[in-house]
$ cat coords.txt   # compact mmCIF, C-alpha atoms and all ligand atoms
# COMPACT_ATOMS: atom_id res chain seq x y z
CA MET A 2 -13.12 -11.29 -8.21
CA ASN A 3 -11.98 -11.80 -4.59
CA ILE A 4 -9.57 -9.26 -3.16
CA GLY A 5 -7.66 -10.02 0.01
CA ILE A 6 -7.01 -7.41 2.67
CA LEU A 7 -4.27 -8.16 5.16
CA ALA A 8 -6.14 -8.08 8.47
CA LEU A 9 -3.41 -8.26 11.10
CA GLN A 10 -3.49 -4.57 12.13
CA GLY A 11 -5.65 -1.50 11.43
CA ALA A 12 -7.21 0.24 8.40
CA VAL A 13 -8.91 -3.00 7.34
CA SER A 14 -12.54 -1.89 7.43
CA GLU A 15 -11.80 1.30 5.49
CA HIS A 16 -10.07 -0.60 2.67
CA LYS A 17 -12.88 -3.14 2.79
CA ILE A 18 -15.49 -0.45 2.13
CA SER A 19 -13.40 1.01 -0.71
CA VAL A 20 -12.97 -2.39 -2.40
CA GLN A 21 -16.63 -3.32 -1.92
CA ASN A 22 -17.63 0.03 -3.43
CA THR A 23 -15.79 -0.97 -6.61
CA GLY A 24 -18.00 -4.08 -6.74
CA MET A 25 -15.37 -6.62 -5.65
CA ASN A 26 -15.64 -9.23 -2.96
CA VAL A 27 -13.34 -8.96 0.07
CA ILE A 28 -11.56 -11.74 1.94
CA GLU A 29 -9.76 -10.82 5.17
CA VAL A 30 -6.30 -12.37 5.15
CA LYS A 31 -4.98 -13.63 8.48
CA ASN A 32 -3.35 -16.93 7.54
CA PRO A 33 -1.50 -18.35 4.51
CA ILE A 34 -4.56 -20.37 3.47
CA ASP A 35 -6.49 -17.12 2.95
CA LEU A 36 -4.20 -16.30 0.01
CA GLN A 37 -5.54 -19.21 -2.03
CA ASN A 38 -8.73 -17.73 -3.44
CA ILE A 39 -7.76 -14.11 -3.99
CA SER A 40 -6.64 -12.28 -7.12
CA GLY A 41 -4.78 -9.51 -5.31
CA LEU A 42 -3.75 -8.45 -1.81
CA ILE A 43 -4.00 -5.06 -0.11
CA MET A 44 -1.44 -4.39 2.63
CA PRO A 45 -2.84 -1.50 4.70
CA GLY A 46 -0.94 1.04 6.75
CA GLY A 47 -0.14 0.69 10.41
CA GLU A 48 3.30 0.23 11.86
CA SER A 49 5.70 -1.67 9.64
CA THR A 50 7.84 -3.13 12.45
CA THR A 51 4.79 -4.58 14.20
CA LEU A 52 3.29 -5.65 10.88
CA ARG A 53 6.50 -7.52 10.01
CA LYS A 54 6.37 -9.38 13.35
CA LEU A 55 2.71 -10.29 12.89
CA LEU A 56 3.36 -11.44 9.32
CA LYS A 57 6.17 -13.70 10.46
CA HIS A 58 4.20 -15.04 13.41
CA SER A 59 1.27 -15.99 11.16
CA LYS A 60 3.62 -17.53 8.54
CA LEU A 61 2.23 -15.09 5.99
CA TRP A 62 5.72 -13.61 5.54
CA GLU A 63 7.08 -16.69 3.70
CA ALA A 64 3.77 -17.30 1.93
CA ILE A 65 3.73 -13.77 0.50
CA ILE A 66 7.39 -13.98 -0.55
CA GLU A 67 6.64 -17.21 -2.43
CA SER A 68 3.42 -16.00 -4.07
CA ASP A 69 3.25 -13.72 -7.06
CA LEU A 70 -0.03 -12.13 -6.01
CA PRO A 71 -0.42 -8.52 -7.11
CA ILE A 72 -0.11 -6.25 -4.06
CA MET A 73 -1.33 -2.75 -3.27
CA GLY A 74 0.64 -1.39 -0.31
CA THR A 75 -0.40 1.79 1.45
CA CYS A 76 1.90 3.61 3.89
CA ALA A 77 3.39 0.85 6.12
CA GLY A 78 2.24 -1.59 3.41
CA ALA A 79 4.21 0.44 0.85
CA ILE A 80 7.31 0.23 3.07
CA LEU A 81 7.01 -3.57 3.13
CA ILE A 82 6.41 -3.98 -0.60
CA GLY A 83 9.43 -1.82 -1.53
CA LYS A 84 12.99 -1.72 -0.24
CA SER A 85 13.70 0.00 3.03
CA GLN A 86 16.44 0.23 5.65
CA ASP A 87 14.72 -2.72 7.36
CA GLU A 88 13.77 -6.17 6.06
CA THR A 89 10.96 -5.99 3.48
CA PHE A 90 9.39 -8.09 0.72
CA GLY A 91 11.22 -6.03 -1.92
CA LYS A 92 8.57 -6.86 -4.51
CA MET A 93 8.97 -3.40 -6.00
CA ASN A 94 12.35 -2.07 -6.95
CA ILE A 95 11.87 1.25 -5.17
CA GLN A 96 13.56 2.70 -2.11
CA ILE A 97 11.25 3.86 0.69
CA ASP A 98 12.30 5.77 3.80
CA ARG A 99 10.17 5.36 6.92
CA ASN A 100 8.84 8.32 8.93
CA TYR A 101 10.31 10.63 6.33
CA TYR A 102 8.34 13.71 7.32
CA GLY A 103 9.42 13.61 10.97
CA ARG A 104 7.55 14.55 14.08
CA GLN A 105 6.32 18.03 13.27
CA LYS A 106 4.43 16.90 10.22
CA GLU A 107 3.69 13.39 11.38
CA SER A 108 0.22 13.73 9.93
CA PHE A 109 -0.96 16.16 7.30
CA GLU A 110 -3.23 16.50 4.30
CA LYS A 111 -2.00 17.66 0.96
CA GLU A 112 -3.46 17.79 -2.51
CA ILE A 113 -2.01 15.14 -4.76
CA SER A 114 -1.76 15.28 -8.54
CA VAL A 115 -2.71 12.04 -10.23
CA VAL A 116 -2.06 10.80 -13.76
CA ASN A 117 -4.66 12.08 -16.26
CA ASN A 118 -4.75 15.50 -14.57
CA ARG A 119 -6.81 14.45 -11.60
CA LYS A 120 -6.53 15.75 -8.05
CA PHE A 121 -6.82 13.69 -4.88
CA LYS A 122 -6.92 14.49 -1.15
CA GLY A 123 -3.74 12.92 0.20
CA VAL A 124 -3.89 11.88 3.86
CA PHE A 125 -0.36 11.33 5.15
CA ILE A 126 0.08 9.72 8.59
CA ARG A 127 3.67 9.36 9.76
CA ALA A 128 4.24 8.72 6.10
CA PRO A 129 7.26 7.27 4.37
CA ALA A 130 8.74 8.75 1.19
CA ILE A 131 9.67 7.08 -2.08
CA THR A 132 13.28 8.19 -2.46
CA SER A 133 14.25 6.31 -5.60
CA ILE A 134 12.55 4.37 -8.37
CA ASN A 135 13.71 2.34 -11.33
CA ALA A 136 13.23 2.25 -15.08
CA GLU A 137 10.35 -0.23 -14.72
CA THR A 138 8.54 1.91 -12.13
CA LYS A 139 5.69 4.09 -13.34
CA PRO A 140 4.95 7.10 -11.12
CA ILE A 141 1.21 7.80 -10.85
CA ALA A 142 0.88 10.36 -8.03
CA TRP A 143 2.81 13.42 -6.88
CA ALA A 144 2.71 15.83 -3.95
CA ASP A 145 4.53 18.91 -5.28
CA GLU A 146 7.50 17.32 -7.04
CA ASP A 147 7.66 14.22 -4.87
CA ILE A 148 6.43 10.86 -6.12
CA VAL A 149 3.90 9.56 -3.58
CA GLY A 150 2.46 6.70 -5.64
CA CYS A 151 3.83 4.32 -8.25
CA ILE A 152 3.19 1.07 -10.07
CA GLU A 153 5.54 -1.73 -11.05
CA GLY A 154 3.86 -4.52 -13.00
CA LYS A 155 0.74 -5.35 -10.99
CA ASN A 156 2.06 -3.92 -7.73
CA MET A 157 1.25 -0.46 -6.41
CA ALA A 158 2.85 1.54 -3.59
CA LEU A 159 1.20 4.63 -2.07
CA THR A 160 2.74 6.60 0.79
CA PHE A 161 -0.65 8.03 1.82
CA HIS A 162 -4.04 6.57 2.84
CA PRO A 163 -6.54 6.45 -0.06
CA GLU A 164 -8.92 4.38 2.09
CA LEU A 165 -9.51 7.41 4.34
CA THR A 166 -11.29 9.24 1.51
CA ASP A 167 -14.40 8.33 -0.50
CA ASP A 168 -12.42 8.62 -3.71
CA LEU A 169 -11.86 5.20 -5.29
CA THR A 170 -9.34 6.41 -7.92
CA PHE A 171 -6.33 4.44 -6.67
CA HIS A 172 -8.20 1.27 -5.77
CA LYS A 173 -9.70 1.35 -9.26
CA ILE A 174 -6.33 1.91 -11.00
CA TRP A 175 -4.84 -1.08 -9.16
CA LEU A 176 -7.87 -3.33 -9.67
CA GLU A 177 -8.02 -2.43 -13.36
CA GLY A 178 -4.48 -3.74 -13.72
CA LEU A 179 -5.50 -7.16 -12.35
CA LYS A 180 -8.03 -7.90 -15.07
N1 LIG A 201 5.37 5.27 10.15
C1 LIG A 201 4.79 3.97 9.97
C2 LIG A 201 5.88 2.90 9.78
O1 LIG A 201 6.99 3.21 9.80
C3 LIG A 201 3.82 3.93 8.82
C4 LIG A 201 2.64 4.81 9.12
C5 LIG A 201 1.36 4.41 8.47
O2 LIG A 201 1.22 3.31 7.92
N2 LIG A 201 0.40 5.27 8.54
O3 LIG A 201 5.58 1.77 9.61
$ encode --input "coords.txt" --output "structure tokens" --more "lines below"
Ligand code: GLN
Amino acid sequence: MNIGILALQGAVSEHKISVQNTGMNVIEVKNPIDLQNISGLIMPGGESTTLRKLLKHSKLWEAIIESDLPIMGTCAGAILIGKSQDETFGKMNIQIDRNYYGRQKESFEKEISVVNNRKFKGVFIRAPAITSINAETKPIAWADEDIVGCIEGKNMALTFHPELTDDLTFHKIWLEGLK
């Protein structure tokens, strides 16, 4: 199976290693044509305002809106896949607030609880927060009481950076759903 990784900003090589370690093939997505031979798309973190501009400039914005490719969005990618105060794809019916943790805690690590009683090292970098979900949203990860990861259909939103750990739990959960 080919998995696309949006390669307009950073965090590409880290996601690439994670996906390759699950045994999948990676295609770097820079143009609409790159969407043709992939079974799912990872939208990495970065800066959502810049990412939006780059997506529009490359015409990937319209192409992604029109496609029904499963998407895994991490951090800025999660902002774009959900609904935010700014323009997003809105593929998941969840509300996400940018830069939720403010300046003092712009970056921090926190243990996350995952479905099936697992633990995960959550790396949060100027992270957003999921502030509301819907009946069709399935929460899969929590930091204290807060939902930091969820699934809707074949789409996944994570407010942290799973690609910055060696733990493939979240990549595997998302990829499993594509089969
Ligand atoms: N704060 C960034 C934004 O608003 C997201 C940060 C990240 O992706 N690590 O887009």
$ closest_residue --input "coords.txt" --among "A:Lys155, A:Lys173, A:Lys180, A:Lys54" --to "A:Thr89" --atoms "all atoms listed in the file"
A:Lys54
$ atom_distance --input "coords.txt" --atom1 "atom CA of A:Ile80" --atom2 "atom CA of A:Gly41"
17.6 Å
$ residues_near_ligand --input "coords.txt" --ligand "ligand LIG 201 (chain A)" --cutoff "12 Å" --atoms "all atoms listed in the file" --output "PyMOL selection string"
chain A and resi 10-13+44-54+74-82+85-89+97-104+106-109+124-130+158-165
$ closest_residue --input "coords.txt" --among "A:Ser59, A:Gln96, A:Ser19, A:Asn3" --to "A:Gln37" --atoms "all atoms listed in the file"
A:Asn3
$ closest_residue --input "coords.txt" --among "A:Lys57, A:Lys31, A:Lys92, A:Arg119" --to "A:Phe171" --atoms "only C-alpha atoms"
A:Arg119
$ closest_residue --input "coords.txt" --among "A:Gly123, A:Pro71, A:Gly91, A:Pro140" --to "A:Gly154" --atoms "all atoms listed in the file"
A:Pro71
$ atom_distance --input "coords.txt" --atom1 "atom CA of A:Ser133" --atom2 "atom CA of A:Ile4"
28.6 Å
$ closest_residue --input "coords.txt" --among "A:Ile72, A:Asn22, A:His58, A:Asn38" --to "A:Leu7" --atoms "only C-alpha atoms"
A:Ile72
